[in-house]
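S.K.: The following file, model27.pdb, comprises PDB, C-alpha atoms, pLDDT in the B column:
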```pdb
ATOM      1  CA  MET A   1      -7.345 -16.742  14.018  1.00 59.00           C
ATOM      2  CA  ALA A   2      -9.275 -13.742  12.751  1.00 71.00           C
ATOM      3  CA  GLU A   3      -7.249 -10.861  11.346  1.00 88.00           C
ATOM      4  CA  GLU A   4      -7.307  -7.806  13.586  1.00 93.00           C
ATOM      5  CA  ILE A   5      -8.104  -4.320  12.301  1.00 96.00           C
ATOM      6  CA  LEU A   6      -7.352  -1.072  14.117  1.00 98.00           C
ATOM      7  CA  ILE A   7      -9.692   1.835  13.303  1.00 98.00           C
ATOM      8  CA  VAL A   8      -8.224   5.279  14.060  1.00 98.00           C
ATOM      9  CA  ASP A   9     -11.078   7.788  13.811  1.00 97.00           C
ATOM     10  CA  ASP A  10     -12.501  10.383  16.203  1.00 95.00           C
ATOM     11  CA  ASP A  11     -16.028   9.656  14.952  1.00 95.00           C
ATOM     12  CA  THR A  12     -16.870   7.131  17.656  1.00 95.00           C
ATOM     13  CA  ARG A  13     -20.244   6.248  16.111  1.00 96.00           C
ATOM     14  CA  LEU A  14     -18.613   5.407  12.797  1.00 96.00           C
ATOM     15  CA  SER A  15     -15.870   3.423  14.534  1.00 96.00           C
ATOM     16  CA  ALA A  16     -18.446   1.421  16.490  1.00 96.00           C
ATOM     17  CA  MET A  17     -20.402   0.711  13.307  1.00 96.00           C
ATOM     18  CA  LEU A  18     -17.232  -0.416  11.508  1.00 96.00           C
ATOM     19  CA  CYS A  19     -16.188  -2.611  14.431  1.00 96.00           C
ATOM     20  CA  ASP A  20     -19.571  -4.346  14.313  1.00 95.00           C
ATOM     21  CA  TYR A  21     -19.537  -4.657  10.532  1.00 94.00           C
ATOM     22  CA  LEU A  22     -16.006  -6.045  10.383  1.00 94.00           C
ATOM     23  CA  SER A  23     -16.713  -8.432  13.248  1.00 91.00           C
ATOM     24  CA  GLY A  24     -19.681  -9.740  11.269  1.00 89.00           C
ATOM     25  CA  ASN A  25     -17.398 -10.382   8.302  1.00 89.00           C
ATOM     26  CA  GLY A  26     -14.699 -12.486   9.901  1.00 88.00           C
ATOM     27  CA  PHE A  27     -12.413  -9.870  11.454  1.00 91.00           C
ATOM     28  CA  THR A  28     -11.774  -8.637  14.947  1.00 92.00           C
ATOM     29  CA  ALA A  29     -11.616  -4.869  15.335  1.00 96.00           C
ATOM     30  CA  ARG A  30     -10.679  -2.288  17.898  1.00 96.00           C
ATOM     31  CA  ALA A  31     -10.803   1.495  17.751  1.00 97.00           C
ATOM     32  CA  ALA A  32      -8.782   4.526  18.809  1.00 97.00           C
ATOM     33  CA  ALA A  33     -10.251   8.030  18.827  1.00 97.00           C
ATOM     34  CA  SER A  34      -7.027   9.986  18.246  1.00 97.00           C
ATOM     35  CA  ALA A  35      -3.718   9.685  16.447  1.00 97.00           C
ATOM     36  CA  HIS A  36      -1.685   9.286  19.631  1.00 97.00           C
ATOM     37  CA  ALA A  37      -4.083   6.644  20.958  1.00 97.00           C
ATOM     38  CA  GLY A  38      -3.793   4.798  17.649  1.00 97.00           C
ATOM     39  CA  LEU A  39       0.009   4.909  17.697  1.00 96.00           C
ATOM     40  CA  ASP A  40      -0.050   3.615  21.266  1.00 96.00           C
ATOM     41  CA  GLU A  41      -2.356   0.761  20.209  1.00 95.00           C
ATOM     42  CA  ILE A  42       0.005  -0.195  17.380  1.00 94.00           C
ATOM     43  CA  ARG A  43       2.950  -0.275  19.784  1.00 92.00           C
ATOM     44  CA  ARG A  44       0.941  -2.281  22.304  1.00 91.00           C
ATOM     45  CA  LYS A  45      -0.251  -4.898  19.822  1.00 90.00           C
ATOM     46  CA  ALA A  46       0.419  -4.668  16.115  1.00 89.00           C
ATOM     47  CA  PRO A  47      -2.787  -5.071  14.058  1.00 93.00           C
ATOM     48  CA  ASP A  48      -3.020  -6.796  10.683  1.00 92.00           C
ATOM     49  CA  ALA A  49      -4.263  -3.563   9.068  1.00 95.00           C
ATOM     50  CA  VAL A  50      -5.110   0.025  10.002  1.00 97.00           C
ATOM     51  CA  ILE A  51      -8.105   2.069   8.850  1.00 98.00           C
ATOM     52  CA  LEU A  52      -6.906   5.649   9.334  1.00 97.00           C
ATOM     53  CA  ASP A  53      -8.971   8.821   9.122  1.00 95.00           C
ATOM     54  CA  VAL A  54      -7.291  11.945   7.768  1.00 92.00           C
ATOM     55  CA  MET A  55      -9.135  14.358  10.073  1.00 91.00           C
ATOM     56  CA  LEU A  56      -8.029  13.628  13.650  1.00 94.00           C
ATOM     57  CA  PRO A  57      -8.077  15.912  16.718  1.00 94.00           C
ATOM     58  CA  ASP A  58      -4.351  15.818  17.519  1.00 96.00           C
ATOM     59  CA  LEU A  59      -2.223  14.818  14.518  1.00 95.00           C
ATOM     60  CA  ASP A  60      -3.686  14.661  11.035  1.00 92.00           C
ATOM     61  CA  GLY A  61      -3.830  11.311   9.272  1.00 93.00           C
ATOM     62  CA  PHE A  62      -0.911  12.161   6.989  1.00 92.00           C
ATOM     63  CA  GLU A  63       1.492  12.725   9.887  1.00 95.00           C
ATOM     64  CA  THR A  64       0.073   9.661  11.625  1.00 96.00           C
ATOM     65  CA  CYS A  65       0.662   7.594   8.488  1.00 94.00           C
ATOM     66  CA  ARG A  66       4.237   8.878   8.296  1.00 92.00           C
ATOM     67  CA  ARG A  67       4.882   7.888  11.920  1.00 94.00           C
ATOM     68  CA  ILE A  68       3.367   4.440  11.417  1.00 94.00           C
ATOM     69  CA  ARG A  69       5.512   3.886   8.332  1.00 90.00           C
ATOM     70  CA  ALA A  70       8.651   4.871  10.226  1.00 87.00           C
ATOM     71  CA  GLY A  71       8.403   1.632  12.161  1.00 85.00           C
ATOM     72  CA  SER A  72       5.907  -0.671  10.450  1.00 86.00           C
ATOM     73  CA  ASP A  73       4.779  -1.924   7.049  1.00 84.00           C
ATOM     74  CA  VAL A  74       1.253  -2.677   8.302  1.00 90.00           C
ATOM     75  CA  PRO A  75      -1.320  -2.134   5.508  1.00 92.00           C
ATOM     76  CA  ILE A  76      -3.027   1.262   5.828  1.00 94.00           C
ATOM     77  CA  LEU A  77      -6.393   2.211   4.332  1.00 94.00           C
ATOM     78  CA  MET A  78      -6.925   5.965   4.640  1.00 93.00           C
ATOM     79  CA  LEU A  79     -10.336   7.618   4.985  1.00 91.00           C
ATOM     80  CA  THR A  80     -11.132  11.254   4.285  1.00 81.00           C
ATOM     81  CA  ALA A  81     -14.156  13.496   4.046  1.00 71.00           C
ATOM     82  CA  LYS A  82     -12.405  15.618   1.438  1.00 62.00           C
ATOM     83  CA  GLY A  83     -12.024  13.155  -1.405  1.00 57.00           C
ATOM     84  CA  GLU A  84      -9.614  15.468  -3.221  1.00 64.00           C
ATOM     85  CA  GLU A  85      -7.041  13.961  -5.550  1.00 68.00           C
ATOM     86  CA  THR A  86      -4.203  15.936  -3.961  1.00 73.00           C
ATOM     87  CA  ASP A  87      -5.035  14.474  -0.546  1.00 71.00           C
ATOM     88  CA  ARG A  88      -5.141  10.987  -2.028  1.00 72.00           C
ATOM     89  CA  ILE A  89      -1.724  11.443  -3.635  1.00 77.00           C
ATOM     90  CA  VAL A  90      -0.195  12.829  -0.424  1.00 79.00           C
ATOM     91  CA  GLY A  91      -1.493   9.838   1.530  1.00 78.00           C
ATOM     92  CA  LEU A  92      -0.118   7.369  -0.993  1.00 78.00           C
ATOM     93  CA  GLU A  93       3.231   9.126  -1.125  1.00 80.00           C
ATOM     94  CA  LEU A  94       3.490   8.815   2.659  1.00 83.00           C
ATOM     95  CA  GLY A  95       2.959   5.060   2.433  1.00 84.00           C
ATOM     96  CA  ALA A  96      -0.789   4.388   2.557  1.00 88.00           C
ATOM     97  CA  ASP A  97      -1.827   1.282   0.615  1.00 88.00           C
ATOM     98  CA  ASP A  98      -5.255   2.537  -0.445  1.00 87.00           C
ATOM     99  CA  TYR A  99      -7.573   5.492  -0.011  1.00 86.00           C
ATOM    100  CA  LEU A 100     -11.348   5.757   0.388  1.00 89.00           C
ATOM    101  CA  PRO A 101     -13.324   9.039   0.566  1.00 88.00           C
ATOM    102  CA  LYS A 102     -16.228   9.528   2.974  1.00 87.00           C
ATOM    103  CA  PRO A 103     -19.074   8.839   2.774  1.00 87.00           C
ATOM    104  CA  PHE A 104     -18.378   5.278   1.670  1.00 90.00           C
ATOM    105  CA  ASN A 105     -20.232   2.032   1.222  1.00 92.00           C
ATOM    106  CA  PRO A 106     -19.128  -0.441   3.928  1.00 93.00           C
ATOM    107  CA  ARG A 107     -19.049  -3.195   1.314  1.00 92.00           C
ATOM    108  CA  GLU A 108     -16.486  -1.222  -0.687  1.00 92.00           C
ATOM    109  CA  LEU A 109     -14.389  -0.643   2.409  1.00 94.00           C
ATOM    110  CA  LEU A 110     -14.538  -4.375   3.123  1.00 92.00           C
ATOM    111  CA  ALA A 111     -13.484  -5.202  -0.451  1.00 90.00           C
ATOM    112  CA  ARG A 112     -10.573  -2.772  -0.333  1.00 89.00           C
ATOM    113  CA  LEU A 113      -9.491  -4.005   3.092  1.00 92.00           C
ATOM    114  CA  ARG A 114      -9.554  -7.625   1.946  1.00 88.00           C
ATOM    115  CA  ALA A 115      -7.577  -6.643  -1.155  1.00 84.00           C
ATOM    116  CA  ILE A 116      -4.730  -5.005   0.738  1.00 85.00           C
ATOM    117  CA  LEU A 117      -4.616  -7.895   3.200  1.00 85.00           C
ATOM    118  CA  ARG A 118      -4.583 -10.366   0.312  1.00 78.00           C
ATOM    119  CA  ARG A 119      -1.710  -8.473  -1.272  1.00 71.00           C
ATOM    120  CA  ARG A 120       0.121  -8.481   2.071  1.00 67.00           C
ATOM    121  CA  GLY A 121      -0.469 -12.203   2.520  1.00 60.00           C
ATOM    122  CA  GLY A 122       0.754 -12.946  -0.959  1.00 48.00           C
ATOM    123  CA  GLY A 123       0.334 -16.609  -1.838  1.00 43.00           C
ATOM    124  CA  ASN A 124       2.969 -16.295  -4.548  1.00 45.00           C
ATOM    125  CA  THR A 125       5.643 -18.882  -3.818  1.00 44.00           C
ATOM    126  CA  ASP A 126       7.617 -18.362  -7.041  1.00 53.00           C
ATOM    127  CA  ARG A 127      11.376 -18.472  -6.945  1.00 72.00           C
ATOM    128  CA  ILE A 128      13.463 -15.430  -6.096  1.00 83.00           C
ATOM    129  CA  MET A 129      13.843 -13.072  -9.051  1.00 86.00           C
ATOM    130  CA  ARG A 130      17.278 -11.501  -9.533  1.00 86.00           C
ATOM    131  CA  PHE A 131      18.089  -8.524 -11.711  1.00 87.00           C
ATOM    132  CA  GLY A 132      21.709  -7.610 -11.168  1.00 86.00           C
ATOM    133  CA  ARG A 133      21.963  -5.951  -7.751  1.00 90.00           C
ATOM    134  CA  LEU A 134      18.200  -6.175  -7.190  1.00 93.00           C
ATOM    135  CA  GLU A 135      16.602  -9.275  -5.662  1.00 91.00           C
ATOM    136  CA  ILE A 136      12.825  -9.790  -5.372  1.00 92.00           C
ATOM    137  CA  ASP A 137      11.583 -12.591  -3.124  1.00 88.00           C
ATOM    138  CA  PRO A 138       7.813 -13.143  -3.616  1.00 84.00           C
ATOM    139  CA  ALA A 139       7.617 -15.801  -0.899  1.00 78.00           C
ATOM    140  CA  SER A 140       8.974 -13.581   1.875  1.00 79.00           C
ATOM    141  CA  ARG A 141       7.629 -10.434   0.164  1.00 85.00           C
ATOM    142  CA  VAL A 142      10.940  -8.623   0.370  1.00 90.00           C
ATOM    143  CA  ALA A 143      12.901  -6.692  -2.238  1.00 93.00           C
ATOM    144  CA  ARG A 144      16.623  -6.162  -1.628  1.00 92.00           C
ATOM    145  CA  LEU A 145      19.121  -3.895  -3.308  1.00 93.00           C
ATOM    146  CA  ASP A 146      22.756  -4.737  -2.626  1.00 92.00           C
ATOM    147  CA  GLY A 147      21.502  -7.049   0.136  1.00 89.00           C
ATOM    148  CA  ARG A 148      19.565  -4.333   1.958  1.00 91.00           C
ATOM    149  CA  ASP A 149      15.770  -4.426   2.295  1.00 92.00           C
ATOM    150  CA  CYS A 150      13.940  -1.862   0.171  1.00 93.00           C
ATOM    151  CA  ALA A 151      11.315   0.264   1.926  1.00 90.00           C
ATOM    152  CA  VAL A 152       8.127  -0.468  -0.026  1.00 90.00           C
ATOM    153  CA  THR A 153       4.542  -0.988   1.112  1.00 86.00           C
ATOM    154  CA  ALA A 154       2.567  -4.158   0.476  1.00 82.00           C
ATOM    155  CA  HIS A 155       0.809  -2.524  -2.476  1.00 80.00           C
ATOM    156  CA  GLN A 156       4.088  -1.277  -3.944  1.00 88.00           C
ATOM    157  CA  PHE A 157       5.692  -4.702  -3.571  1.00 89.00           C
ATOM    158  CA  ASP A 158       2.878  -6.260  -5.618  1.00 86.00           C
ATOM    159  CA  LEU A 159       3.310  -3.602  -8.299  1.00 90.00           C
ATOM    160  CA  LEU A 160       7.025  -4.372  -8.375  1.00 92.00           C
ATOM    161  CA  VAL A 161       6.367  -8.112  -8.724  1.00 89.00           C
ATOM    162  CA  ALA A 162       3.823  -7.501 -11.500  1.00 87.00           C
ATOM    163  CA  LEU A 163       6.377  -5.460 -13.426  1.00 91.00           C
ATOM    164  CA  ALA A 164       9.270  -7.862 -12.762  1.00 90.00           C
ATOM    165  CA  GLU A 165       7.237 -10.875 -13.883  1.00 84.00           C
ATOM    166  CA  ASN A 166       6.831  -9.089 -17.217  1.00 84.00           C
ATOM    167  CA  ALA A 167      10.442  -7.919 -17.481  1.00 86.00           C
ATOM    168  CA  GLY A 168      11.238  -6.601 -20.934  1.00 86.00           C
ATOM    169  CA  ARG A 169       7.570  -6.135 -21.858  1.00 85.00           C
ATOM    170  CA  ILE A 170       5.439  -3.013 -21.678  1.00 89.00           C
ATOM    171  CA  VAL A 171       2.797  -3.184 -18.932  1.00 87.00           C
ATOM    172  CA  SER A 172       0.079  -0.550 -19.217  1.00 87.00           C
ATOM    173  CA  ARG A 173      -1.294   1.372 -16.254  1.00 84.00           C
ATOM    174  CA  GLU A 174      -4.667  -0.233 -16.993  1.00 82.00           C
ATOM    175  CA  GLN A 175      -3.155  -3.723 -16.755  1.00 80.00           C
ATOM    176  CA  LEU A 176      -1.575  -2.842 -13.427  1.00 83.00           C
ATOM    177  CA  MET A 177      -4.841  -1.393 -12.136  1.00 78.00           C
ATOM    178  CA  ASP A 178      -6.788  -4.473 -13.244  1.00 70.00           C
ATOM    179  CA  ARG A 179      -4.318  -6.763 -11.528  1.00 66.00           C
ATOM    180  CA  LEU A 180      -4.134  -4.902  -8.234  1.00 64.00           C
ATOM    181  CA  LYS A 181      -7.490  -3.295  -7.592  1.00 58.00           C
ATOM    182  CA  GLY A 182      -9.778  -4.850  -4.993  1.00 48.00           C
ATOM    183  CA  GLU A 183     -12.993  -6.602  -5.841  1.00 36.00           C
ATOM    184  CA  GLY A 184     -15.747  -4.035  -6.332  1.00 35.00           C
ATOM    185  CA  SER A 185     -13.384  -1.047  -6.112  1.00 39.00           C
ATOM    186  CA  ASP A 186     -12.709   1.594  -8.707  1.00 43.00           C
ATOM    187  CA  ALA A 187      -9.474   1.905 -10.652  1.00 40.00           C
ATOM    188  CA  PHE A 188      -6.568   3.423  -8.794  1.00 48.00           C
ATOM    189  CA  ASP A 189      -6.170   6.165 -11.477  1.00 52.00           C
ATOM    190  CA  ARG A 190      -3.060   8.259 -10.761  1.00 62.00           C
ATOM    191  CA  SER A 191      -2.120   6.265  -7.678  1.00 77.00           C
ATOM    192  CA  VAL A 192      -0.295   3.770  -9.909  1.00 84.00           C
ATOM    193  CA  ASP A 193       2.057   6.566 -10.938  1.00 86.00           C
ATOM    194  CA  VAL A 194       2.503   7.597  -7.304  1.00 87.00           C
ATOM    195  CA  HIS A 195       3.365   4.051  -6.252  1.00 89.00           C
ATOM    196  CA  VAL A 196       5.806   3.617  -9.159  1.00 92.00           C
ATOM    197  CA  SER A 197       7.517   6.824  -8.071  1.00 93.00           C
ATOM    198  CA  ARG A 198       7.883   5.432  -4.548  1.00 92.00           C
ATOM    199  CA  ILE A 199       9.216   2.115  -5.860  1.00 94.00           C
ATOM    200  CA  ARG A 200      11.788   3.968  -7.927  1.00 95.00           C
ATOM    201  CA  ALA A 201      12.885   5.891  -4.847  1.00 95.00           C
ATOM    202  CA  ALA A 202      13.507   2.545  -3.149  1.00 94.00           C
ATOM    203  CA  ILE A 203      15.252   0.582  -5.917  1.00 95.00           C
ATOM    204  CA  GLU A 204      16.826   3.070  -8.314  1.00 95.00           C
ATOM    205  CA  ASP A 205      20.268   4.616  -7.908  1.00 93.00           C
ATOM    206  CA  ASP A 206      18.867   7.856  -9.351  1.00 94.00           C
ATOM    207  CA  PRO A 207      15.040   7.898  -9.244  1.00 93.00           C
ATOM    208  CA  ARG A 208      14.986  10.992 -11.470  1.00 92.00           C
ATOM    209  CA  HIS A 209      16.690   8.989 -14.215  1.00 94.00           C
ATOM    210  CA  PRO A 210      15.354   5.440 -13.697  1.00 94.00           C
ATOM    211  CA  LYS A 211      17.025   2.475 -15.348  1.00 93.00           C
ATOM    212  CA  ARG A 212      15.040  -0.383 -13.800  1.00 94.00           C
ATOM    213  CA  ILE A 213      11.440   0.838 -14.246  1.00 95.00           C
ATOM    214  CA  VAL A 214      11.258   2.866 -17.445  1.00 94.00           C
ATOM    215  CA  THR A 215       8.234   4.906 -18.541  1.00 93.00           C
ATOM    216  CA  VAL A 216       7.074   4.354 -22.106  1.00 91.00           C
ATOM    217  CA  ARG A 217       5.164   7.521 -22.903  1.00 89.00           C
ATOM    218  CA  GLY A 218       1.525   6.843 -23.673  1.00 87.00           C
ATOM    219  CA  ALA A 219       1.931   3.088 -23.166  1.00 89.00           C
ATOM    220  CA  GLY A 220       2.938   2.239 -19.601  1.00 90.00           C
ATOM    221  CA  TYR A 221       6.070   0.913 -17.918  1.00 93.00           C
ATOM    222  CA  VAL A 222       8.842  -1.556 -18.706  1.00 93.00           C
ATOM    223  CA  PHE A 223      10.874  -3.358 -16.074  1.00 93.00           C
ATOM    224  CA  ALA A 224      14.311  -3.522 -17.685  1.00 89.00           C
ATOM    225  CA  ARG A 225      16.061  -6.881 -17.934  1.00 73.00           C
ATOM    226  CA  ARG A 226      19.403  -5.127 -18.244  1.00 59.00           C
ATOM    227  CA  GLN A 227      21.983  -5.741 -15.559  1.00 49.00           C
ATOM    228  CA  ASP A 228      24.558  -3.170 -16.651  1.00 45.00           C
ATOM    229  CA  GLU A 229      23.835  -1.172 -13.502  1.00 43.00           C
ATOM    230  CA  GLU A 230      26.015  -3.644 -11.625  1.00 42.00           C
ATOM    231  CA  ARG A 231      29.259  -2.293 -10.294  1.00 39.00           C
TER     232      ARG A 231
END
```
Would you mind writing the file's structure down as C-alpha cells?

M.R.:
Amino acid sequence: MAEEILIVDDDTRLSAMLCDYLSGNGFTARAAASAHAGLDEIRRKAPDAVILDVMLPDLDGFETCRRIRAGSDVPILMLTAKGEETDRIVGLELGADDYLPKPFNPRELLARLRAILRRRGGGNTDRIMRFGRLEIDPASRVARLDGRDCAVTAHQFDLLVALAENAGRIVSREQLMDRLKGEGSDAFDRSVDVHVSRIRAAIEDDPRHPKRIVTVRGAGYVFARRQDEER
C-alpha cells in the first residue's frame, strides 16, 4: 500500500502540484488549506508523513507542529518562505523532522520526504541496547528511561541510535550529518545540535549537565558507556 502524505498549505496551487508529483512517485497525497483542517485530517486518518507550511491563515506552522506533536510522532517536513535559520531551529525544537525553505526543487522535497520516512521505517533489527536505566530498541524504534517511553521524533531516534552504536567513541557532527541526511539534500548544519538538545531533554536527568551524551568541544559528541547514573 502506498504511503500517504498530508500537505498542510494554504497555497492550493502548490498543494495540487505536490499531490500530483507525489502521486507520480509512489505516494498517495491529500491536502488541507489551513492548520485546523490539517489537524482534523490527522485525527480523521493518520497520514504516514505531514508536509507543513509555516505561513497558514489560522495557526502558524510552529503552533500546528506543537499540536501535532502533542499526540503523534508522525514525521513532519516543514516548509517556509522565510528560510531563516532561527525559524528552522524553532521548527526543529518543536519536533519537526526536517525543514525546507521555499522556493524548493520538488526532487529535493521528495528526497527529504523519503529520508524521513526511511528513518521512521527503520530496518534496523539489532538487539536492544541497554545503558543502565536507558534502553534503546531499534526494532520497535523506542527509547525508554526507567521503563517509560522517551518523547523523541523519528529523526532524533536515529541520531540516538547512531550515537549509542558508537558508545565510548567520539562521533563528529559531520559524521552524524552524513549518516542521516537524505539523498540529494544539504547538510543539516546546526540542526544536529538542536536535535541533540532535544534528545538530552528526553533521556538526561539534568539536560543542562548531560552525562549520557557529552559534548567534546571542537570534535563532536560521545555517548557515555558509564552506568553510574543508576540509582

S.K.: Run the PyMOL selection byres ((chain A and resi 155) around 9) on the file and write out the hits as a ChimeraX atom specification.

M.R.: /A:75,96-98,116,119-120,152-154,156-160,180,195

S.K.: Set the distance at 12 Å and use all atoms listed in the file: which residues neighbour range 162-165 of chain A once local chain neighbours fewer than 4 positions away are removed? I'd like the list as an MDAnalysis selection string.

M.R.: chainID A and resid 119 124 126:131 134:138 143 155:158 169:173 175:180 192 196 199 212:215 220:226

S.K.: May I have the selected residues written with C-alpha atoms, as a compact mmCIF listing (two decimals), in the coordinates of the input?

M.R.:
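Here's the written file out.txt:
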```txt
# COMPACT_ATOMS: atom_id res chain seq x y z
CA ARG A 119 -1.71 -8.47 -1.27
CA ASN A 124 2.97 -16.30 -4.55
CA ASP A 126 7.62 -18.36 -7.04
CA ARG A 127 11.38 -18.47 -6.94
CA ILE A 128 13.46 -15.43 -6.10
CA MET A 129 13.84 -13.07 -9.05
CA ARG A 130 17.28 -11.50 -9.53
CA PHE A 131 18.09 -8.52 -11.71
CA LEU A 134 18.20 -6.18 -7.19
CA GLU A 135 16.60 -9.28 -5.66
CA ILE A 136 12.82 -9.79 -5.37
CA ASP A 137 11.58 -12.59 -3.12
CA PRO A 138 7.81 -13.14 -3.62
CA ALA A 143 12.90 -6.69 -2.24
CA HIS A 155 0.81 -2.52 -2.48
CA GLN A 156 4.09 -1.28 -3.94
CA PHE A 157 5.69 -4.70 -3.57
CA ASP A 158 2.88 -6.26 -5.62
CA ARG A 169 7.57 -6.14 -21.86
CA ILE A 170 5.44 -3.01 -21.68
CA VAL A 171 2.80 -3.18 -18.93
CA SER A 172 0.08 -0.55 -19.22
CA ARG A 173 -1.29 1.37 -16.25
CA GLN A 175 -3.16 -3.72 -16.76
CA LEU A 176 -1.58 -2.84 -13.43
CA MET A 177 -4.84 -1.39 -12.14
CA ASP A 178 -6.79 -4.47 -13.24
CA ARG A 179 -4.32 -6.76 -11.53
CA LEU A 180 -4.13 -4.90 -8.23
CA VAL A 192 -0.30 3.77 -9.91
CA VAL A 196 5.81 3.62 -9.16
CA ILE A 199 9.22 2.12 -5.86
CA ARG A 212 15.04 -0.38 -13.80
CA ILE A 213 11.44 0.84 -14.25
CA VAL A 214 11.26 2.87 -17.44
CA THR A 215 8.23 4.91 -18.54
CA GLY A 220 2.94 2.24 -19.60
CA TYR A 221 6.07 0.91 -17.92
CA VAL A 222 8.84 -1.56 -18.71
CA PHE A 223 10.87 -3.36 -16.07
CA ALA A 224 14.31 -3.52 -17.68
CA ARG A 225 16.06 -6.88 -17.93
CA ARG A 226 19.40 -5.13 -18.24
```

S.K.: Just checking: using all atoms listed in the file, which residue out of A:Ile42, A:Ala219, A:Met17, A:Val8 ends up closest to Leu56 in chain A?

M.R.: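 Of A:Ile42, A:Ala219, A:Met17, A:Val8, the one nearest Leu56 in chain A is A:Val8, counting all atoms listed in the file.
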
S.K.: What does the distance from CA of Thr28 in chain A to CA of Arg112 in chain A come to in Å, to one decimal?

M.R.: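 Going from CA of Thr28 in chain A over to CA of Arg112 in chain A, I get 16.4 Å.
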
S.K.: So for range 54-71 of chain A, what box centre and size do we get, axis-aligned, 8 Å extra on each of the six sides, every listed atom, Å to one decimal, as JSON?

M.R.:
```
{"center_x": -0.2, "center_y": 8.8, "center_z": 12.3, "size_x": 33.8, "size_y": 30.3, "size_z": 26.5}
```

S.K.: Starting from the incomplete input, reconstruct N, CA and C atoms of range 51-66 of chain A and write that as an mmCIF file, keeping the file's coordinate frame.

M.R.:
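That gives us selection-v6.cif:
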```cif
data_model
loop_
_atom_site.group_PDB
_atom_site.id
_atom_site.type_symbol
_atom_site.label_atom_id
_atom_site.label_comp_id
_atom_site.auth_asym_id
_atom_site.auth_seq_id
_atom_site.Cartn_x
_atom_site.Cartn_y
_atom_site.Cartn_z
ATOM 1 N N ILE A 51 -7.212 1.146 9.557
ATOM 2 C CA ILE A 51 -8.105 2.069 8.850
ATOM 3 C C ILE A 51 -7.898 3.427 9.507
ATOM 4 N N LEU A 52 -7.389 4.389 8.759
ATOM 5 C CA LEU A 52 -6.906 5.649 9.334
ATOM 6 C C LEU A 52 -7.630 6.838 8.726
ATOM 7 N N ASP A 53 -8.294 7.613 9.580
ATOM 8 C CA ASP A 53 -8.971 8.821 9.122
ATOM 9 C C ASP A 53 -7.959 9.957 8.963
ATOM 10 N N VAL A 54 -8.180 10.802 7.966
ATOM 11 C CA VAL A 54 -7.291 11.945 7.768
ATOM 12 C C VAL A 54 -7.525 13.018 8.823
ATOM 13 N N MET A 55 -8.794 13.276 9.144
ATOM 14 C CA MET A 55 -9.135 14.358 10.073
ATOM 15 C C MET A 55 -9.189 13.824 11.504
ATOM 16 N N LEU A 56 -8.122 14.079 12.263
ATOM 17 C CA LEU A 56 -8.029 13.628 13.650
ATOM 18 C C LEU A 56 -7.779 14.833 14.553
ATOM 19 N N PRO A 57 -8.137 14.736 15.853
ATOM 20 C CA PRO A 57 -8.077 15.912 16.718
ATOM 21 C C PRO A 57 -6.679 16.341 17.140
ATOM 22 N N ASP A 58 -5.689 15.448 17.060
ATOM 23 C CA ASP A 58 -4.351 15.818 17.519
ATOM 24 C C ASP A 58 -3.375 15.937 16.347
ATOM 25 N N LEU A 59 -3.020 14.815 15.741
ATOM 26 C CA LEU A 59 -2.223 14.818 14.518
ATOM 27 C C LEU A 59 -3.146 14.503 13.352
ATOM 28 N N ASP A 60 -2.865 15.065 12.177
ATOM 29 C CA ASP A 60 -3.686 14.661 11.035
ATOM 30 C C ASP A 60 -3.257 13.272 10.571
ATOM 31 N N GLY A 61 -4.083 12.669 9.718
ATOM 32 C CA GLY A 61 -3.830 11.311 9.272
ATOM 33 C C GLY A 61 -2.546 11.164 8.478
ATOM 34 N N PHE A 62 -2.139 12.230 7.777
ATOM 35 C CA PHE A 62 -0.911 12.161 6.989
ATOM 36 C C PHE A 62 0.307 12.011 7.899
ATOM 37 N N GLU A 63 0.379 12.833 8.945
ATOM 38 C CA GLU A 63 1.492 12.725 9.887
ATOM 39 C C GLU A 63 1.434 11.397 10.628
ATOM 40 N N THR A 64 0.225 10.952 10.948
ATOM 41 C CA THR A 64 0.073 9.661 11.625
ATOM 42 C C THR A 64 0.563 8.536 10.734
ATOM 43 N N CYS A 65 0.199 8.594 9.450
ATOM 44 C CA CYS A 65 0.662 7.594 8.488
ATOM 45 C C CYS A 65 2.189 7.595 8.415
ATOM 46 N N ARG A 66 2.778 8.788 8.365
ATOM 47 C CA ARG A 66 4.237 8.878 8.296
ATOM 48 C C ARG A 66 4.882 8.223 9.515
#
```
